[in-house]
Structures are given as C-alpha cells and as structure tokens.
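Text of the file model-v7.cif, holding mmCIF, C-alpha atoms:
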data_run
loop_
_atom_site.label_atom_id
_atom_site.label_comp_id
_atom_site.auth_asym_id
_atom_site.auth_seq_id
_atom_site.Cartn_x
_atom_site.Cartn_y
_atom_site.Cartn_z
CA MET A 1 52.52 70.18 121.62
CA ASP A 2 53.24 73.05 119.29
CA ALA A 3 57.00 73.78 119.20
CA GLU A 4 56.42 77.50 119.69
CA ALA A 5 54.24 76.86 122.75
CA ALA A 6 56.83 74.48 124.19
CA LYS A 7 59.51 77.15 123.79
CA LEU A 8 57.46 79.76 125.63
CA LEU A 9 56.56 77.27 128.37
CA GLY A 10 60.25 76.45 128.79
CA ALA A 11 61.06 80.15 129.03
CA GLY A 12 58.42 80.51 131.72
CA LEU A 13 59.82 77.52 133.60
CA ALA A 14 63.27 79.12 133.48
CA ALA A 15 61.83 81.97 135.54
CA VAL A 16 61.55 79.46 138.43
CA GLY A 17 65.35 79.44 138.44
CA ALA A 18 65.44 83.23 138.74
CA GLY A 19 63.05 83.05 141.68
CA LEU A 20 65.15 80.41 143.44
CA ALA A 21 68.29 82.48 142.89
CA SER A 22 66.55 85.35 144.64
CA LEU A 23 66.20 83.06 147.68
CA GLY A 24 69.94 82.44 147.47
CA VAL A 25 70.82 86.13 147.19
CA GLY A 26 68.50 86.92 150.08
CA ASN A 27 70.14 84.18 152.13
CA VAL A 28 73.61 85.64 151.47
CA PHE A 29 72.64 89.07 152.74
CA ALA A 30 70.49 87.73 155.59
CA SER A 31 73.29 85.57 156.94
CA PHE A 32 75.74 88.44 156.60
CA LEU A 33 73.47 90.82 158.48
CA GLU A 34 72.76 88.25 161.16
CA SER A 35 76.41 87.67 161.92
CA ALA A 36 77.34 91.33 161.38
CA LEU A 37 74.96 92.30 164.16
CA ARG A 38 76.56 89.75 166.46
CA ASN A 39 80.06 91.04 165.76
CA PRO A 40 79.89 94.49 164.14
CA GLY A 41 83.65 94.94 164.49
CA ALA A 42 84.40 92.15 162.04
CA ALA A 43 81.64 93.06 159.57
CA ASP A 44 83.52 95.64 157.48
CA GLY A 45 86.39 93.27 156.81
CA GLN A 46 84.06 90.71 155.26
CA GLN A 47 82.39 92.95 152.70
CA GLY A 48 84.51 91.57 149.86
CA ARG A 49 83.44 88.02 150.70
CA LEU A 50 79.83 89.18 150.98
CA PHE A 51 79.88 90.41 147.40
CA ILE A 52 81.67 87.29 146.15
CA GLY A 53 78.86 85.21 147.62
CA PHE A 54 76.31 87.59 146.18
CA ALA A 55 77.90 87.41 142.73
CA ALA A 56 78.04 83.62 142.77
CA ALA A 57 74.41 83.24 143.86
CA GLU A 58 73.20 85.92 141.46
CA LEU A 59 75.01 84.41 138.47
CA LEU A 60 72.80 81.29 138.56
CA GLY A 61 69.66 83.40 138.49
CA LEU A 62 71.04 85.42 135.59
CA LEU A 63 71.86 82.18 133.77
CA SER A 64 68.22 81.11 133.99
CA PHE A 65 67.27 84.50 132.54
CA VAL A 66 69.68 83.85 129.68
CA VAL A 67 68.07 80.43 129.13
CA ALA A 68 64.65 82.11 128.91
CA MET A 69 65.94 84.72 126.46
CA ILE A 70 67.62 82.09 124.29
CA LEU A 71 64.40 80.04 124.22
CA ILE A 72 62.31 83.04 123.18
CA PHE A 73 64.60 84.82 120.75
CA VAL A 74 67.29 82.43 119.53
CA ALA A 75 66.09 78.82 119.62
CA MET B 1 72.29 87.82 121.56
CA GLN B 2 73.09 91.01 119.76
CA LEU B 3 70.15 92.63 118.05
CA VAL B 4 71.15 94.22 114.80
CA ARG B 5 68.72 96.39 112.93
CA GLY B 6 66.65 94.38 110.51
CA GLU B 7 66.50 91.20 112.54
CA LYS B 8 64.28 92.55 115.24
CA ILE B 9 62.20 90.08 117.16
CA ASP B 10 59.27 88.76 115.19
CA VAL B 11 58.03 86.34 117.85
CA ALA B 12 56.23 89.06 119.78
CA ALA B 13 55.56 91.09 116.65
CA ASP B 14 52.09 92.03 117.78
CA THR B 15 51.88 95.70 116.84
CA ALA B 16 49.87 96.65 119.94
CA LYS B 17 52.59 95.41 122.29
CA VAL B 18 55.62 97.35 123.45
CA ASP B 19 58.77 95.59 122.28
CA PRO B 20 61.07 95.61 125.33
CA MET B 21 64.06 94.46 123.26
CA HIS B 22 63.94 97.36 120.82
CA GLN B 23 65.98 99.56 123.18
CA PHE B 24 69.00 97.29 122.71
CA ALA B 25 69.04 97.57 118.92
CA ILE B 26 72.37 98.79 117.57
CA GLU B 27 71.94 101.30 114.80
CA PRO B 28 74.58 103.01 112.69
CA LEU B 29 74.48 106.77 113.22
CA PHE B 30 76.70 107.57 110.27
CA GLY B 31 79.06 105.72 108.00
CA SER B 32 76.90 102.64 107.58
CA ASP B 33 78.95 101.84 104.45
CA TRP B 34 82.37 102.18 106.09
CA THR B 35 84.17 98.87 105.83
CA ILE B 36 87.64 97.57 106.63
CA ALA B 37 88.54 94.18 105.14
CA GLY B 38 84.87 93.33 104.76
CA TYR B 39 83.94 94.30 108.33
CA ASN B 40 81.46 97.07 108.90
CA ILE B 41 82.95 99.75 111.14
CA ALA B 42 79.98 102.13 111.21
CA PHE B 43 79.81 104.61 114.08
CA THR B 44 76.86 103.18 116.03
CA ASN B 45 74.81 104.45 118.96
CA SER B 46 76.80 102.00 121.09
CA ALA B 47 80.06 103.64 120.00
CA LEU B 48 78.59 107.09 120.63
CA TRP B 49 77.72 106.20 124.23
CA MET B 50 81.14 104.66 124.80
CA LEU B 51 82.59 107.95 123.63
CA ILE B 52 80.24 109.91 125.91
CA ALA B 53 81.18 107.69 128.87
CA GLY B 54 84.85 108.16 128.07
CA ILE B 55 84.52 111.96 127.79
CA ALA B 56 82.46 112.17 131.01
CA LEU B 57 85.09 110.07 132.79
CA TRP B 58 87.87 112.27 131.38
CA ILE B 59 86.14 115.45 132.57
CA PHE B 60 85.54 113.88 135.99
CA MET B 61 89.19 112.92 136.36
CA ILE B 62 90.70 116.12 134.94
CA GLY B 63 88.64 118.23 137.36
CA GLY B 64 90.03 116.33 140.35
CA MET B 65 93.67 116.00 139.38
CA LYS B 66 94.78 119.53 140.23
CA ARG B 67 96.77 118.21 143.22
CA GLU B 68 95.71 121.01 145.54
CA VAL B 69 97.13 120.80 149.05
CA VAL B 70 93.69 121.45 150.50
CA PRO B 71 91.41 119.37 148.25
CA GLY B 72 88.13 120.87 147.10
CA ARG B 73 84.89 118.94 146.72
CA TRP B 74 85.68 117.69 143.23
CA GLN B 75 89.14 116.48 144.15
CA MET B 76 87.68 114.77 147.21
CA ALA B 77 85.21 112.94 144.97
CA VAL B 78 87.96 111.69 142.68
CA GLU B 79 90.22 110.77 145.59
CA THR B 80 87.37 108.85 147.23
CA MET B 81 87.00 106.74 144.09
CA THR B 82 90.73 106.08 143.68
CA GLY B 83 91.02 105.37 147.41
CA PHE B 84 88.12 102.93 147.15
CA ILE B 85 89.80 100.88 144.41
CA ASP B 86 93.16 101.19 146.17
CA ASP B 87 91.66 99.71 149.35
CA LEU B 88 89.91 96.99 147.35
CA LEU B 89 93.18 95.84 145.78
CA GLU B 90 95.10 96.22 149.04
CA ALA B 91 92.55 94.02 150.84
CA ASN B 92 92.46 91.32 148.15
CA MET B 93 96.04 91.24 146.86
CA GLY B 94 98.23 92.91 149.46
CA LYS B 95 101.14 95.09 148.41
CA GLU B 96 101.42 93.69 144.89
CA GLY B 97 97.94 95.00 144.20
CA ARG B 98 99.20 98.57 143.84
CA LYS B 99 100.44 98.06 140.29
CA TYR B 100 96.99 96.97 139.09
CA VAL B 101 95.22 100.05 140.46
CA PRO B 102 95.25 101.89 137.08
CA TYR B 103 93.68 98.95 135.22
CA VAL B 104 91.04 98.06 137.82
CA PHE B 105 90.22 101.73 138.42
CA THR B 106 89.73 102.36 134.69
CA LEU B 107 87.57 99.25 134.39
CA PHE B 108 85.45 100.15 137.43
CA MET B 109 84.90 103.78 136.47
CA PHE B 110 84.17 102.99 132.81
CA ILE B 111 81.56 100.37 133.72
CA LEU B 112 80.08 102.59 136.45
CA PHE B 113 79.77 105.57 134.09
CA ALA B 114 78.33 103.37 131.34
CA ASN B 115 75.72 101.86 133.69
CA LEU B 116 74.72 105.22 135.17
CA LEU B 117 74.66 107.12 131.86
CA GLY B 118 72.41 104.42 130.41
CA LEU B 119 69.84 105.09 133.15
CA ILE B 120 69.46 108.81 132.41
CA PRO B 121 65.85 109.49 131.28
CA LEU B 122 66.93 111.65 128.34
CA PRO B 123 63.52 111.81 126.54
CA LEU B 124 62.28 114.01 129.41
CA ALA B 125 64.68 116.72 128.26
CA MET B 126 65.01 116.01 124.54
CA ALA B 127 62.16 114.21 122.82
CA GLY B 128 63.26 111.20 120.81
CA VAL B 129 66.79 111.01 122.25
CA HIS B 130 67.44 107.82 124.20
CA ALA B 131 70.35 106.83 126.37
CA PHE B 132 71.95 103.57 125.28
CA THR B 133 73.44 101.19 127.84
CA PHE B 134 76.29 99.59 125.95
CA THR B 135 77.11 97.33 128.94
CA SER B 136 73.86 95.50 128.12
CA HIS B 137 75.64 93.85 125.18
CA PHE B 138 77.73 90.75 125.55
CA THR B 139 80.12 91.94 122.85
CA VAL B 140 81.17 94.84 125.11
CA THR B 141 81.25 93.09 128.48
CA GLY B 142 82.82 90.02 126.86
CA VAL B 143 85.74 92.09 125.57
CA LEU B 144 86.20 93.64 129.02
CA ALA B 145 86.18 90.14 130.56
CA ILE B 146 88.66 88.86 127.96
CA MET B 147 90.99 91.76 128.82
CA THR B 148 90.94 90.69 132.47
CA PHE B 149 91.42 87.04 131.52
CA ALA B 150 94.34 87.95 129.24
CA ILE B 151 96.01 89.85 132.08
CA VAL B 152 95.53 86.84 134.37
CA LEU B 153 97.15 84.51 131.82
CA VAL B 154 100.02 86.88 131.00
CA VAL B 155 100.79 87.65 134.66
CA GLY B 156 100.46 83.99 135.66
CA PHE B 157 102.73 82.55 132.98
CA TRP B 158 105.17 85.48 133.15
CA LYS B 159 105.63 85.20 136.89
CA HIS B 160 105.37 81.46 137.50
CA GLY B 161 106.04 79.89 134.11
CA LEU B 162 104.58 76.41 133.77
CA HIS B 163 104.30 76.31 137.56
CA PHE B 164 101.12 78.37 136.96
CA PHE B 165 99.31 75.08 136.34
CA SER B 166 99.62 74.29 140.05
CA LEU B 167 96.73 76.75 140.37
CA PHE B 168 94.52 73.86 139.28
CA VAL B 169 95.73 71.49 142.01
CA PRO B 170 95.09 72.92 145.49
CA HIS B 171 97.54 72.10 148.30
CA GLY B 172 96.94 68.82 150.06
CA THR B 173 94.94 67.16 147.29
CA PRO B 174 95.21 63.35 147.60
CA THR B 175 97.19 61.90 144.69
CA LEU B 176 94.26 59.78 143.63
CA MET B 177 92.06 62.85 143.26
CA ILE B 178 94.53 64.99 141.29
CA PRO B 179 93.27 64.15 137.75
CA LEU B 180 89.66 64.79 138.73
CA ILE B 181 90.37 68.01 140.66
CA PHE B 182 92.61 69.26 137.84
CA VAL B 183 89.81 68.88 135.27
CA ILE B 184 87.20 70.50 137.53
CA GLU B 185 89.46 73.42 138.43
CA LEU B 186 90.46 73.88 134.78
CA ILE B 187 86.82 74.04 133.67
CA SER B 188 85.96 76.47 136.46
CA PHE B 189 88.98 78.59 135.45
CA LEU B 190 88.02 78.62 131.78
CA PHE B 191 84.43 79.54 132.62
CA ARG B 192 85.58 82.71 134.41
CA PRO B 193 85.61 85.12 131.44
CA PHE B 194 82.13 83.97 130.42
CA SER B 195 80.64 84.35 133.89
CA LEU B 196 82.38 87.71 134.35
CA GLY B 197 81.02 89.16 131.10
CA LEU B 198 77.66 87.43 131.35
CA ARG B 199 76.91 88.73 134.85
CA LEU B 200 77.28 92.39 133.91
CA PHE B 201 75.47 92.10 130.59
CA VAL B 202 72.48 90.15 131.90
CA ALA B 203 72.11 92.29 135.03
CA MET B 204 72.00 95.47 132.95
CA MET B 205 69.76 94.00 130.26
CA SER B 206 67.21 92.44 132.64
CA GLY B 207 66.91 95.71 134.57
CA HIS B 208 66.21 97.70 131.44
CA VAL B 209 63.72 95.13 130.16
CA LEU B 210 61.92 95.28 133.52
CA LEU B 211 61.70 99.08 133.38
CA GLU B 212 60.40 98.95 129.81
CA VAL B 213 57.74 96.37 130.69
CA LEU B 214 56.59 98.38 133.71
CA SER B 215 56.43 101.58 131.66
CA SER B 216 54.33 99.75 129.06
CA PHE B 217 51.93 98.81 131.90
CA VAL B 218 51.61 102.48 132.83
CA ILE B 219 51.07 103.65 129.23
CA ASP B 220 48.63 100.88 128.28
CA ALA B 221 46.65 101.32 131.51
CA ALA B 222 46.40 105.07 131.01
CA ASN B 223 45.22 104.55 127.43
CA ALA B 224 42.58 102.06 128.54
CA GLY B 225 40.72 104.66 130.59
CA PRO B 226 40.96 106.68 133.80
CA GLY B 227 39.78 103.77 135.99
CA TYR B 228 42.49 101.43 134.74
CA GLY B 229 44.99 104.29 134.80
CA VAL B 230 44.48 104.88 138.53
CA LEU B 231 44.03 101.24 139.53
CA ILE B 232 46.85 99.66 137.49
CA GLY B 233 48.90 102.53 136.12
CA GLY B 234 49.35 104.24 139.49
CA PRO B 235 50.84 101.28 141.41
CA SER B 236 52.94 100.35 138.37
CA PHE B 237 54.33 103.87 138.23
CA ILE B 238 55.25 103.79 141.92
CA LEU B 239 56.87 100.38 141.45
CA MET B 240 58.75 101.78 138.44
CA ILE B 241 60.24 104.57 140.55
CA ALA B 242 61.30 102.03 143.18
CA ILE B 243 62.84 99.80 140.51
CA CYS B 244 64.70 102.83 139.12
CA ALA B 245 66.29 103.31 142.55
CA LEU B 246 67.12 99.60 142.60
CA GLU B 247 68.70 99.91 139.15
CA LEU B 248 70.95 102.71 140.40
CA LEU B 249 72.06 100.35 143.16
CA VAL B 250 72.57 97.50 140.68
CA ALA B 251 74.62 99.78 138.40
CA GLY B 252 77.02 100.46 141.28
CA ILE B 253 77.06 96.89 142.59
CA GLN B 254 77.75 95.33 139.18
CA ALA B 255 80.65 97.71 138.53
CA TYR B 256 81.99 96.87 142.00
CA VAL B 257 81.54 93.13 141.50
CA PHE B 258 83.36 93.29 138.16
CA ALA B 259 86.29 95.13 139.78
CA LEU B 260 86.24 92.77 142.79
CA LEU B 261 86.28 89.59 140.71
CA THR B 262 88.97 91.06 138.44
CA SER B 263 91.16 91.68 141.49
CA LEU B 264 90.48 88.16 142.80
CA TYR B 265 91.39 86.54 139.49
CA ILE B 266 94.57 88.60 139.16
CA ASN B 267 95.37 87.69 142.77
CA ASP B 268 95.15 84.00 141.79
CA ALA B 269 97.65 84.59 139.00
CA GLU B 270 99.94 86.64 141.23
CA HIS B 271 100.02 84.35 144.26
CA LEU B 272 98.69 80.99 143.02
CA HIS B 273 97.00 79.24 145.93
#
How does this structure look as structure tokens?
Amino acid sequence: MDAEAAKLLGAGLAAVGAGLASLGVGNVFASFLESALRNPGAADGQQGRLFIGFAAAELLGLLSFVVAMILIFVA
Amino acid sequence: MQLVRGEKIDVAADTAKVDPMHQFAIEPLFGSDWTIAGYNIAFTNSALWMLIAGIALWIFMIGGMKREVVPGRWQMAVETMTGFIDDLLEANMGKEGRKYVPYVFTLFMFILFANLLGLIPLPLAMAGVHAFTFTSHFTVTGVLAIMTFAIVLVVGFWKHGLHFFSLFVPHGTPTLMIPLIFVIELISFLFRPFSLGLRLFVAMMSGHVLLEVLSSFVIDAANAGPGYGVLIGGPSFILMIAICALELLVAGIQAYVFALLTSLYINDAEHLH
C-alpha cells in the first residue's frame, strides 16, 4: 500500500476512537441525569465530579483526534 | 503542531479545497526581524489577541470593582464570576482554597475570554479581519498547564517536603504492590500537565476546524448552483448555527474544566491523599 494512503486510512480509523469517546461522554451525562432525577437534592453537590468524569472521558476522544492530526500533518 | 507561516500544509494542497488549518497560522504583524539572543520575538496575531483578551478582562474587572454598597448590574456580573470560582475552590479544597482564588480566577477568566473572543465572527463587521483563538495552540495552553504544574510542585514540596512523595502511594496499599503502584501513580502524575494543556487546545482546535469545514460545505454548495445550495448548503448552514451554539458551550466548559482540574491538582499538593 502507498504510504500516503496508509497514513490517511490510519487517520480515518482514529476517528473511530473519537466516536467511541462520544459514547463515553454521553454515558457520563446520562448516568448523572438518571441519578439526579432520582435524588435531585444531591445533584448540585456532584457537579464537580460530573465534569471530572466528562473531562476524563473526553480526553481519550481528543487524543484520537490528535493521532489523526499527527498522521495527516506531521508523520 | 504549531503552524508557522511558510510551512503550511501541502498534503491537502488542492487549490479548490478550503484549507481548514489556515486559520491557525501564526503570522507576525510587525517586527518580524526583532530578535533576542537568536529568538524571534515578533508581535504576532496570537500576541495581539492575548493583548485584546487581557484588555477586555481588565475593562470587565475595573467596571465591577467600584465596591458600591448596592451593586449595579456590572458589579453583579463580576461578583458572580468571583463567587463562582470561590465556591469551586471551597468545594474542592476547603478553607485553604481561598488563597488560590486569585490564580484560578485569573486562569479561568483569561481562558474564557480567549475562547469566546476567538468565536466572534469579525469578518461580518470588518472584511478581512479574523479573530484568532490563541488557546488553539499547544504552546499557549501548555504554558498555562506548566504554570499549574509548577504551583503544584512548589506547594507540595514547600508544605510537605519529601513527604510529598507519599502522594504516589495511597493509604492501605499492600507492601507487595507499593513499587508497582508508585510507578503507575508517578506516570499518571507526570502526564497531568500534558493532558491539561492538550484537552483545551484540541477542544478549541477541533471546534474551529469543524466550523471551517461546514462553512466550506455551504460556500461550495452555493457555488455549485441553486439546487445544491438549497439541498446541501441550507442544512449545512443550519447545522453550522447549531455547532456555533455548541462551541459557545464548549468554550465555557473547557475554561471551567481547566479551573476545576487546576483546583483538584493543587488540592492534591495541599492535602496529599
């Protein structure tokens, strides 16, 4: 396979990681909302933890974006 | 991944295509030959927008620091922001958090202003003038992350001395596991500045690339004919407006996440585990 084509294919495959991270981020907010509706009184106190979970899940998706960018522009 | 003028991307150098990375190019505005010890210190568009963000922040703060007994709207806005960061640090660090309010507040407001100013559609008002999001460069966010990391190290070693290393061995770790846990915790600790800077820079950059790509859909579809313009350009334009709203949200969330993680990391240094 042409090296250039392999690079672009790899960059496209890295987008799978971004898609999976979106599942993770959605799961973080879905679980939060689910339990927040069960106990609305405790919801506000957990907002910090919500965003920590969001940041951790999102980071992996952003990393796959970085991999794609490195494959296209740097490698 | 900094794009300096001259080494623009040649991979997608098809002239008909819109180059979504061009908006991140750093260009010297004046003083391109200014050097100190061999380093170019030209005043770039990135520096200009840092200055604009700083001035906007200064005006925002000065308008709300009149200390009126009955606060007006402006003072309420400023006090809401300071109260927000104050509560954030209080919730994550307790009473010791108060002394980090100035740093975390400055960080939060600077990033927030930078993110929001970068989203302003300036060409609508002045043709050819573009807002530059300097938080979409790892050099900028990396330095901000290193500042946080430096504070963590200084506070940790100042307060706890070499006992700071107990941060890497959580309470109740079996003796057998200590070497393994120590290495894992150390790596995760050392990765923090990278993840902190990377998160902000990639989130801002990917959003702007997405907007640029969608706008190229609209322009190309409109150029291809009225049929394409309505069928493809129309939905793309509506999606673009929705993504713009999402980007406003992301600008706020990323500034908040940066401040939140900064307070968590400083909390680790302040209290160990």
Contact set, chain B to chain A: 7 Å, only C-alpha atoms, as a PDB file with C-alpha atoms, keeping the file's coordinate frame:
ATOM      1  CA  ILE B   9      62.200  90.080 117.160  1.00  0.00           C
ATOM      2  CA  ARG B 199      76.910  88.730 134.850  1.00  0.00           C
ATOM      3  CA  VAL B 202      72.480  90.150 131.900  1.00  0.00           C
ATOM      4  CA  ALA B 203      72.110  92.290 135.030  1.00  0.00           C
ATOM      5  CA  VAL B 257      81.540  93.130 141.500  1.00  0.00           C
TER       6      VAL B 257
END
Hey, what comes out of the PyMOL selection byres ((chain A and resi 28) around 12) on this file? Could you write it as a list in words?
->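 Taken over the shown coordinates, the PyMOL selection byres ((chain A and resi 28) around 12) returns Ala21, Ser22, Leu23, Gly24, Val25, Gly26, Asn27, Phe29, Ala30, Ser31, Phe32, Leu33, Glu34, Ser35, Gln47, Arg49, Leu50, Phe51, Ile52, Gly53, Phe54, Ala55, Ala56, Ala57 and Glu58 of chain A.
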Put those residues in a file: C-alpha atoms, as a PDB file, in the frame of the given file.
ATOM      1  CA  ALA A  21      68.290  82.480 142.890  1.00  0.00           C
ATOM      2  CA  SER A  22      66.550  85.350 144.640  1.00  0.00           C
ATOM      3  CA  LEU A  23      66.200  83.060 147.680  1.00  0.00           C
ATOM      4  CA  GLY A  24      69.940  82.440 147.470  1.00  0.00           C
ATOM      5  CA  VAL A  25      70.820  86.130 147.190  1.00  0.00           C
ATOM      6  CA  GLY A  26      68.500  86.920 150.080  1.00  0.00           C
ATOM      7  CA  ASN A  27      70.140  84.180 152.130  1.00  0.00           C
ATOM      8  CA  PHE A  29      72.640  89.070 152.740  1.00  0.00           C
ATOM      9  CA  ALA A  30      70.490  87.730 155.590  1.00  0.00           C
ATOM     10  CA  SER A  31      73.290  85.570 156.940  1.00  0.00           C
ATOM     11  CA  PHE A  32      75.740  88.440 156.600  1.00  0.00           C
ATOM     12  CA  LEU A  33      73.470  90.820 158.480  1.00  0.00           C
ATOM     13  CA  GLU A  34      72.760  88.250 161.160  1.00  0.00           C
ATOM     14  CA  SER A  35      76.410  87.670 161.920  1.00  0.00           C
ATOM     15  CA  GLN A  47      82.390  92.950 152.700  1.00  0.00           C
ATOM     16  CA  ARG A  49      83.440  88.020 150.700  1.00  0.00           C
ATOM     17  CA  LEU A  50      79.830  89.180 150.980  1.00  0.00           C
ATOM     18  CA  PHE A  51      79.880  90.410 147.400  1.00  0.00           C
ATOM     19  CA  ILE A  52      81.670  87.290 146.150  1.00  0.00           C
ATOM     20  CA  GLY A  53      78.860  85.210 147.620  1.00  0.00           C
ATOM     21  CA  PHE A  54      76.310  87.590 146.180  1.00  0.00           C
ATOM     22  CA  ALA A  55      77.900  87.410 142.730  1.00  0.00           C
ATOM     23  CA  ALA A  56      78.040  83.620 142.770  1.00  0.00           C
ATOM     24  CA  ALA A  57      74.410  83.240 143.860  1.00  0.00           C
ATOM     25  CA  GLU A  58      73.200  85.920 141.460  1.00  0.00           C
TER      26      GLU A  58
END
Just the residues within 12 Å of Asp86 of chain B, please, counting all atoms listed in the file, with nothing from its chain fewer than 5 positions along; format it as a VMD selection string.
-> chain B and resid 79 to 81 91 to 105 108 259 to 260 263
Starting from the point (79.9, 94.6, 132.3), work out which residues of protein, DNA or RNA have an atom no more than 8 Å away when counting only C-alpha atoms; state them as a list in words.
->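 Every polymer residue passing the test: Ile111, Thr135, Ser136, Val140, Thr141, Gly142, Leu144, Ala145, Leu196, Gly197, Leu198, Arg199, Leu200, Phe201, Met204, Gln254, Ala255 and Phe258 of chain B.
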Can you turn the PyMOL selection byres ((chain B and resi 232-239) around 12) into a concrete residue list for this file, as a ChimeraX atom specification?
-> /B:210-231,240-246
Pairwise distance for atom CA of Thr133 of chain B and atom CA of Ala114 of chain B, rounded to one decimal in Å |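 Interatomic distance, atom CA of Thr133 of chain B to atom CA of Ala114 of chain B: 6.4 Å.
One distance worth recording is that between atom CA of Leu167 of chain B and atom CA of Glu270 of chain B, which is 10.4 Å.
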Determine the residue set returned by the PyMOL selection byres ((chain B and resi 45) around 12) for the present structure, and present it as a count of residues only.
-> 29
So how far away is atom CA of Asp44 of chain A from atom CA of Leu88 of chain B, in Å?
->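 Rounded to one decimal, the two atoms are 12.1 Å apart.
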Let me have the centre and edge lengths of the axis-aligned box enclosing all listed atoms of segment 212-231 of chain B with 4 Å padding on every side, in Å to one decimal, as lines of an AutoDock Vina configuration file.
center_x = 50.1
center_y = 101.5
center_z = 133.5
size_x = 28.6
size_y = 18.3
size_z = 20.1
Check the smallest atom-to-atom distance from each of B:Leu162, B:Leu119, B:Ala77, B:Val250 to Ile62 of chain B using all atoms listed in the file, then report the winner.
->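 For Ile62 of chain B, the nearest of the given residues is B:Ala77.
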